[in-house]
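Participant: Pasting run-v7.cif below, which is mmCIF, C-alpha atoms.
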data_coords
#
loop_
_atom_site.label_atom_id
_atom_site.label_comp_id
_atom_site.auth_asym_id
_atom_site.auth_seq_id
_atom_site.Cartn_x
_atom_site.Cartn_y
_atom_site.Cartn_z
CA MET X 32 25.58 139.09 138.00
CA ASN X 33 22.75 136.94 136.75
CA GLY X 34 19.65 136.09 138.73
CA VAL X 35 21.05 132.82 140.12
CA GLU X 36 24.22 134.47 141.43
CA GLU X 37 22.25 137.27 143.04
CA ALA X 38 19.96 134.72 144.70
CA ILE X 39 22.91 132.72 146.09
CA ILE X 40 24.61 135.85 147.41
CA GLY X 41 21.33 137.02 148.92
CA VAL X 42 20.90 133.69 150.71
CA MET X 43 24.48 133.83 152.03
CA TRP X 44 23.93 137.33 153.41
CA GLY X 45 20.63 136.28 154.93
CA ILE X 46 22.24 133.32 156.69
CA ALA X 47 25.40 135.09 157.83
CA ARG X 48 23.55 138.03 159.38
CA GLU X 49 21.34 135.79 161.52
CA PRO X 50 23.28 133.96 164.27
CA ALA X 51 20.10 132.12 165.26
CA THR X 52 19.79 130.73 161.73
CA MET X 53 23.45 129.74 161.82
CA ILE X 54 22.88 127.81 165.06
CA VAL X 55 19.96 125.90 163.50
CA ILE X 56 22.04 125.05 160.41
CA TRP X 57 24.94 123.99 162.64
CA ALA X 58 22.58 121.66 164.53
CA ILE X 59 21.38 120.19 161.23
CA LEU X 60 25.00 119.60 160.17
CA LEU X 61 25.62 117.74 163.44
CA THR X 62 22.72 115.45 162.56
CA LEU X 63 24.00 114.90 159.02
CA GLU X 64 27.17 113.33 160.42
CA TYR X 65 25.01 110.40 161.58
CA CYS X 66 22.55 110.06 158.71
CA TRP X 67 24.30 111.45 155.59
CA SER X 68 28.04 111.52 156.16
CA GLY X 69 28.84 111.93 152.46
CA LEU X 70 27.00 115.23 152.21
CA ARG X 71 28.46 116.33 155.53
CA ASN X 72 32.00 115.66 154.32
CA PHE X 73 31.29 117.58 151.11
CA ILE X 74 30.13 120.60 153.13
CA THR X 75 33.25 120.33 155.30
CA ILE X 76 35.43 120.49 152.17
CA ILE X 77 33.63 123.62 150.98
CA LEU X 78 33.95 125.27 154.39
CA PHE X 79 37.42 123.92 155.21
CA PRO X 80 38.89 127.11 156.82
CA GLY X 81 36.52 126.79 159.76
CA ARG X 82 37.38 123.12 160.16
CA LEU X 83 41.10 123.93 160.31
CA VAL X 84 40.48 126.61 162.94
CA HIS X 85 38.36 124.11 164.89
CA ILE X 86 41.19 121.56 164.94
CA ALA X 87 43.79 124.23 165.74
CA THR X 88 41.74 125.35 168.75
CA HIS X 89 41.57 121.79 170.08
CA ILE X 90 45.33 121.42 169.62
CA ALA X 91 46.01 124.73 171.39
CA PHE X 92 43.81 123.71 174.33
CA ALA X 93 45.43 120.27 174.55
CA GLU X 94 48.91 121.84 174.46
CA TRP X 95 47.87 124.27 177.20
CA ARG X 96 46.80 121.36 179.39
CA GLY X 97 50.07 119.51 178.73
CA TYR X 98 49.02 117.11 175.94
CA ARG X 99 51.16 117.14 172.83
CA THR X 100 49.45 116.37 169.51
CA LYS X 101 49.78 117.20 165.84
CA LEU X 102 47.47 118.62 163.20
CA ILE X 103 47.69 115.53 161.01
CA ALA X 104 46.78 113.31 163.99
CA MET X 105 43.63 115.34 164.67
CA LEU X 106 42.33 114.87 161.12
CA GLY X 107 41.17 111.32 161.91
CA THR X 108 37.47 110.65 162.25
CA THR X 109 37.61 109.79 165.96
CA ARG X 110 40.62 111.77 167.17
CA GLU X 111 38.56 114.40 168.99
CA ARG X 112 36.72 111.73 170.97
CA THR X 113 40.03 109.99 171.74
CA MET X 114 41.57 113.19 173.11
CA ILE X 115 38.47 113.84 175.23
CA GLY X 116 38.89 110.34 176.65
CA VAL X 117 42.54 110.97 177.49
CA ILE X 118 41.72 114.22 179.28
CA LEU X 119 38.80 112.59 181.09
CA LYS X 120 41.05 109.80 182.34
CA GLU X 121 43.70 112.11 183.78
CA LYS X 122 41.72 115.26 184.60
CA SER X 123 38.26 116.07 185.92
CA PRO X 124 35.21 115.86 183.60
CA LEU X 125 35.12 119.66 183.64
CA TRP X 126 38.35 119.86 181.65
CA ALA X 127 37.04 117.35 179.12
CA TYR X 128 33.94 119.53 178.74
CA LEU X 129 36.02 122.69 178.31
CA TYR X 130 38.17 120.93 175.70
CA ALA X 131 35.06 119.90 173.75
CA ILE X 132 33.50 123.39 173.66
CA SER X 133 36.79 125.27 173.28
CA PRO X 134 36.20 125.90 169.52
CA ILE X 135 33.40 128.30 170.49
CA ALA X 136 36.07 130.65 171.85
CA THR X 137 37.55 131.06 168.36
CA ALA X 138 34.58 130.36 166.09
CA ILE X 139 32.30 133.15 167.29
CA PRO X 140 34.91 135.97 167.41
CA LEU X 141 36.23 135.03 163.96
CA TYR X 142 32.69 134.79 162.60
CA LEU X 143 31.92 138.30 163.86
CA LEU X 144 35.23 139.62 162.50
CA PHE X 145 34.73 138.23 158.99
CA LEU X 146 31.10 139.31 158.93
CA TRP X 147 32.18 142.85 159.80
CA LEU X 148 34.84 142.74 157.07
CA ALA X 149 32.25 141.50 154.56
CA MET X 150 30.04 144.47 155.36
CA ALA X 151 32.99 146.87 155.37
CA PHE X 152 34.01 145.74 151.87
CA ALA X 153 30.47 145.38 150.56
CA LYS X 154 31.27 147.58 147.56
CA ILE X 155 34.15 145.31 146.50
CA GLU X 156 32.27 142.19 145.46
CA ILE X 157 35.09 139.64 145.43
CA LEU X 158 36.40 140.67 148.87
CA SER X 159 32.92 140.84 150.33
CA LEU X 160 32.10 137.31 149.11
CA MET X 161 35.39 135.96 150.42
CA PHE X 162 34.83 137.39 153.90
CA LEU X 163 31.22 136.24 153.84
CA TRP X 164 32.34 132.70 152.99
CA LEU X 165 34.91 132.81 155.79
CA ALA X 166 32.31 134.08 158.27
CA ILE X 167 29.93 131.22 157.47
CA SER X 168 32.81 128.74 157.50
CA MET X 169 34.05 129.88 160.91
CA PHE X 170 30.64 129.43 162.48
CA LEU X 171 29.38 126.22 160.87
CA GLU X 172 32.69 124.32 160.89
CA GLY X 173 34.44 126.13 163.74
CA MET X 174 31.83 125.29 166.35
CA PRO X 175 32.02 122.01 168.37
CA SER X 176 31.57 118.91 166.22
CA SER X 177 29.16 116.03 166.73
CA GLU X 178 31.97 114.11 168.45
CA ASP X 179 32.52 116.99 170.86
CA ILE X 180 28.84 117.39 171.67
CA ALA X 181 27.92 113.69 171.81
CA THR X 182 30.85 112.69 173.99
CA THR X 183 30.35 115.47 176.53
CA ILE X 184 26.61 114.78 176.72
CA LYS X 185 27.34 111.09 177.40
CA ILE X 186 29.79 112.08 180.13
CA ALA X 187 27.23 114.45 181.66
CA ILE X 188 24.49 111.79 181.64
CA HIS X 189 26.86 109.26 183.19
CA ASN X 190 27.87 111.74 185.88
CA GLU X 191 24.35 112.99 186.57
CA PRO X 192 21.51 110.82 185.17
CA LEU X 193 18.99 113.62 185.68
CA THR X 194 20.76 115.47 182.88
CA ILE X 195 18.93 113.35 180.32
CA ILE X 196 15.59 114.73 181.52
CA PHE X 197 16.68 118.34 181.02
CA LEU X 198 18.25 117.56 177.64
CA THR X 199 15.07 115.81 176.52
CA LEU X 200 13.25 119.09 177.09
CA THR X 201 15.53 120.88 174.59
CA PRO X 202 13.02 120.83 171.66
CA ALA X 203 10.31 122.28 173.92
CA ILE X 204 12.73 124.90 175.24
CA TYR X 205 13.63 125.85 171.69
CA ALA X 206 9.99 126.09 170.61
CA LEU X 207 8.99 128.23 173.61
CA ASN X 208 12.00 130.53 173.30
CA THR X 209 11.48 130.96 169.57
CA TYR X 210 7.82 131.80 170.16
CA ALA X 211 8.69 134.29 172.89
CA TYR X 212 11.93 135.81 171.57
CA GLY X 213 11.98 135.05 167.86
CA GLY X 214 15.48 134.56 166.45
CA LEU X 215 17.06 134.65 169.91
CA GLY X 216 15.35 131.36 170.71
CA ALA X 217 18.12 129.31 169.11
CA VAL X 218 20.82 131.25 170.97
CA ILE X 219 19.04 130.80 174.30
CA THR X 220 18.54 127.08 173.65
CA LEU X 221 22.25 126.60 172.89
CA ILE X 222 23.15 128.36 176.13
CA TYR X 223 20.64 126.15 177.95
CA VAL X 224 22.22 122.92 176.67
CA LEU X 225 25.78 124.05 177.39
CA THR X 226 24.80 125.15 180.90
CA ILE X 227 23.06 121.85 181.72
CA VAL X 228 26.12 119.86 180.64
CA LEU X 229 28.45 122.20 182.52
CA LEU X 230 26.47 121.90 185.75
CA ALA X 231 26.53 118.10 185.51
CA ASN X 232 30.32 118.12 185.29
CA ILE X 233 30.77 120.67 188.07
CA ARG X 234 28.44 118.69 190.33
CA LEU X 235 30.50 115.53 189.81
CA LYS X 236 33.68 117.37 190.66
CA ARG X 237 32.19 118.53 193.95
CA LYS X 238 30.83 115.05 194.74
CA THR X 239 34.25 113.54 194.14
CA LYS X 240 35.83 115.93 196.60
CA VAL X 241 33.24 115.10 199.25
CA PHE X 242 33.67 111.34 198.97
CA GLY X 243 37.43 111.70 198.93
CA ALA X 244 37.50 113.74 202.15
#
Could you show the structure in this file as structure tokens?
Facilitator:
Amino acid sequence: MNGVEEAIIGVMWGIAREPATMIVIWAILLTLEYCWSGLRNFITIILFPGRLVHIATHIAFAEWRGYRTKLIAMLGTTRERTMIGVILKEKSPLWAYLYAISPIATAIPLYLLFLWLAMAFAKIEILSLMFLWLAISMFLEGMPSSEDIATTIKIAIHNEPLTIIFLTLTPAIYALNTYAYGGLGAVITLIYVLTIVLLANIRLKRKTKVFGA
């Protein structure tokens, strides 16, 4: 390998072995969907296996909840948001939230599996690179998309306006956690955001039961 190839492989290993770095890159990719969609689509093409797993997870969840859909239908640019709207209309906001974050249930385990395989086959360069590419793909493209995150945050803010205050504190939470815990700061911040949104949806469900009594 020449110097450029070694540098690229070194960067890939450095990224893949640091979940906190992966979370930061994933957050940047979410932002790119709003400000540089062309580059974002190019990255999606390169990391397409994770995107397919992401869509398959949504389909599996929808089928489990009694909604029939097809892979080709979910490839549209707003299909995820549309399905969230359908679930929200017929189910509680909690189910819409669970649908939106369901890709996490497949993305993280597959990321860990392929990362382990990449290390296990480290002496076989072609296999190691393939598993490394799949690991990065599963995390960056397999995690919830900007549609998933944005729609559920809007629902949470609508259900509980105070949510916007806690979400506004996210940059400060990230900075403090990174200062205190280093690389774990990004992981803790992600858990913080998901928990805030979850609590907003659970609270609405309880309020609805009270008013309906």
Participant: On this structure, which residues satisfy the PyMOL selection byres ((chain X and resi 78) around 9), written as a PyMOL selection string?
Facilitator: chain X and resi 73-77+79-82+164-165+167-169+171-172
Participant: Please expand the PyMOL selection byres ((chain X and resi 48-60) around 6) into the concrete residues it hits in this file, giving the result as a PyMOL selection string.
Facilitator: chain X and resi 45-47+61-63+171+214+217-218
Participant: Write out, as an mmCIF file, keeping the file's coordinate frame, the residues just selected, with C-alpha atoms.
Facilitator:
data_model
loop_
_atom_site.group_PDB
_atom_site.id
_atom_site.type_symbol
_atom_site.label_atom_id
_atom_site.label_comp_id
_atom_site.auth_asym_id
_atom_site.auth_seq_id
_atom_site.Cartn_x
_atom_site.Cartn_y
_atom_site.Cartn_z
ATOM 1 C CA GLY X 45 20.630 136.280 154.930
ATOM 2 C CA ILE X 46 22.240 133.320 156.690
ATOM 3 C CA ALA X 47 25.400 135.090 157.830
ATOM 4 C CA LEU X 61 25.620 117.740 163.440
ATOM 5 C CA THR X 62 22.720 115.450 162.560
ATOM 6 C CA LEU X 63 24.000 114.900 159.020
ATOM 7 C CA LEU X 171 29.380 126.220 160.870
ATOM 8 C CA GLY X 214 15.480 134.560 166.450
ATOM 9 C CA ALA X 217 18.120 129.310 169.110
ATOM 10 C CA VAL X 218 20.820 131.250 170.970
#
Participant: Using the chain letters and numbers from this file, what does the PyMOL selection byres ((chain X and resi 184) around 9) select? Give the answer as a tab-separated table (two decimals) with C-alpha atoms, in the coordinates of the input.
Facilitator:
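The resulting file, part.tsv, is shown below:
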chain	number	residue	atom	x	y	z
X	128	TYR	CA	33.94	119.53	178.74
X	179	ASP	CA	32.52	116.99	170.86
X	180	ILE	CA	28.84	117.39	171.67
X	181	ALA	CA	27.92	113.69	171.81
X	182	THR	CA	30.85	112.69	173.99
X	183	THR	CA	30.35	115.47	176.53
X	185	LYS	CA	27.34	111.09	177.40
X	186	ILE	CA	29.79	112.08	180.13
X	187	ALA	CA	27.23	114.45	181.66
X	188	ILE	CA	24.49	111.79	181.64
X	189	HIS	CA	26.86	109.26	183.19
X	194	THR	CA	20.76	115.47	182.88
X	195	ILE	CA	18.93	113.35	180.32
X	198	LEU	CA	18.25	117.56	177.64
X	228	VAL	CA	26.12	119.86	180.64
Participant: Find the distance between CA of His89 (chain X) and CA of Pro134 (chain X) and write it in Å to one decimal.
Facilitator: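 Answer for the CA of His89 (chain X) to CA of Pro134 (chain X) separation: 6.8 Å.
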Participant: Find the distance between CA of Thr199 (chain X) and CA of Arg71 (chain X) and write it in Å to one decimal.
Facilitator: 24.9 Å
Participant: Which distance in Å separates CA of Ala138 (chain X) and CA of Gly173 (chain X), to one decimal?
Facilitator: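 Value for the CA of Ala138 (chain X)-CA of Gly173 (chain X) distance: 4.8 Å.
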Participant: Would you please work out which residue, of X:Tyr130, X:Leu143, X:Thr137, X:Leu215, is nearest to Trp95 (chain X) when using only C-alpha atoms?
Facilitator: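 Going through X:Tyr130, X:Leu143, X:Thr137, X:Leu215 one by one, the smallest distance to Trp95 (chain X) is for X:Tyr130.
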Participant: If you count only C-alpha atoms, which residues fall within 9 Å of Ile227 (chain X), apart from same-chain ones fewer than 2 positions away, as a list in words?
Facilitator: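 Those residues are Ala187, Thr194, Phe197, Leu198, Ile222, Tyr223, Val224, Leu225, Leu229, Leu230, Ala231 and Asn232 of chain X.
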Participant: Generate the output file for the selected residues, C-alpha atoms, as an mmCIF file, keeping the file's coordinate frame.
Facilitator:
data_model
loop_
_atom_site.group_PDB
_atom_site.id
_atom_site.type_symbol
_atom_site.label_atom_id
_atom_site.label_comp_id
_atom_site.auth_asym_id
_atom_site.auth_seq_id
_atom_site.Cartn_x
_atom_site.Cartn_y
_atom_site.Cartn_z
ATOM 1 C CA ALA X 187 27.230 114.450 181.660
ATOM 2 C CA THR X 194 20.760 115.470 182.880
ATOM 3 C CA PHE X 197 16.680 118.340 181.020
ATOM 4 C CA LEU X 198 18.250 117.560 177.640
ATOM 5 C CA ILE X 222 23.150 128.360 176.130
ATOM 6 C CA TYR X 223 20.640 126.150 177.950
ATOM 7 C CA VAL X 224 22.220 122.920 176.670
ATOM 8 C CA LEU X 225 25.780 124.050 177.390
ATOM 9 C CA LEU X 229 28.450 122.200 182.520
ATOM 10 C CA LEU X 230 26.470 121.900 185.750
ATOM 11 C CA ALA X 231 26.530 118.100 185.510
ATOM 12 C CA ASN X 232 30.320 118.120 185.290
#
Participant: Of the candidates X:Leu207, X:Pro202, X:Gly213, X:Ser176, which shows the shortest atom-to-atom distance to Tyr65 (chain X), using all atoms listed in the file?
Facilitator: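 Going through X:Leu207, X:Pro202, X:Gly213, X:Ser176 one by one, the smallest distance to Tyr65 (chain X) is for X:Ser176.
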Participant: Between X:Leu129, X:Ala166, X:Ala136, X:Leu221, which has the minimum distance to Met150 (chain X) (counting all atoms listed in the file)?
Facilitator: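 Closest to Met150 (chain X), using all atoms listed in the file: X:Ala166.
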Participant: Between X:Phe152, X:Phe92, X:Trp44, X:Phe145, single out the one closest to Ala127 (chain X), counting all atoms listed in the file.
Facilitator: X:Phe92
Participant: Enclose all atoms of region 196-199 of chain X listed in the file in an axis-aligned box, grow every side by 8 Å, and hand back centre and edge lengths in Å to one decimal, as JSON.
Facilitator:
{"center_x": 16.7, "center_y": 116.5, "center_z": 179.0, "size_x": 19.2, "size_y": 19.6, "size_z": 21.0}
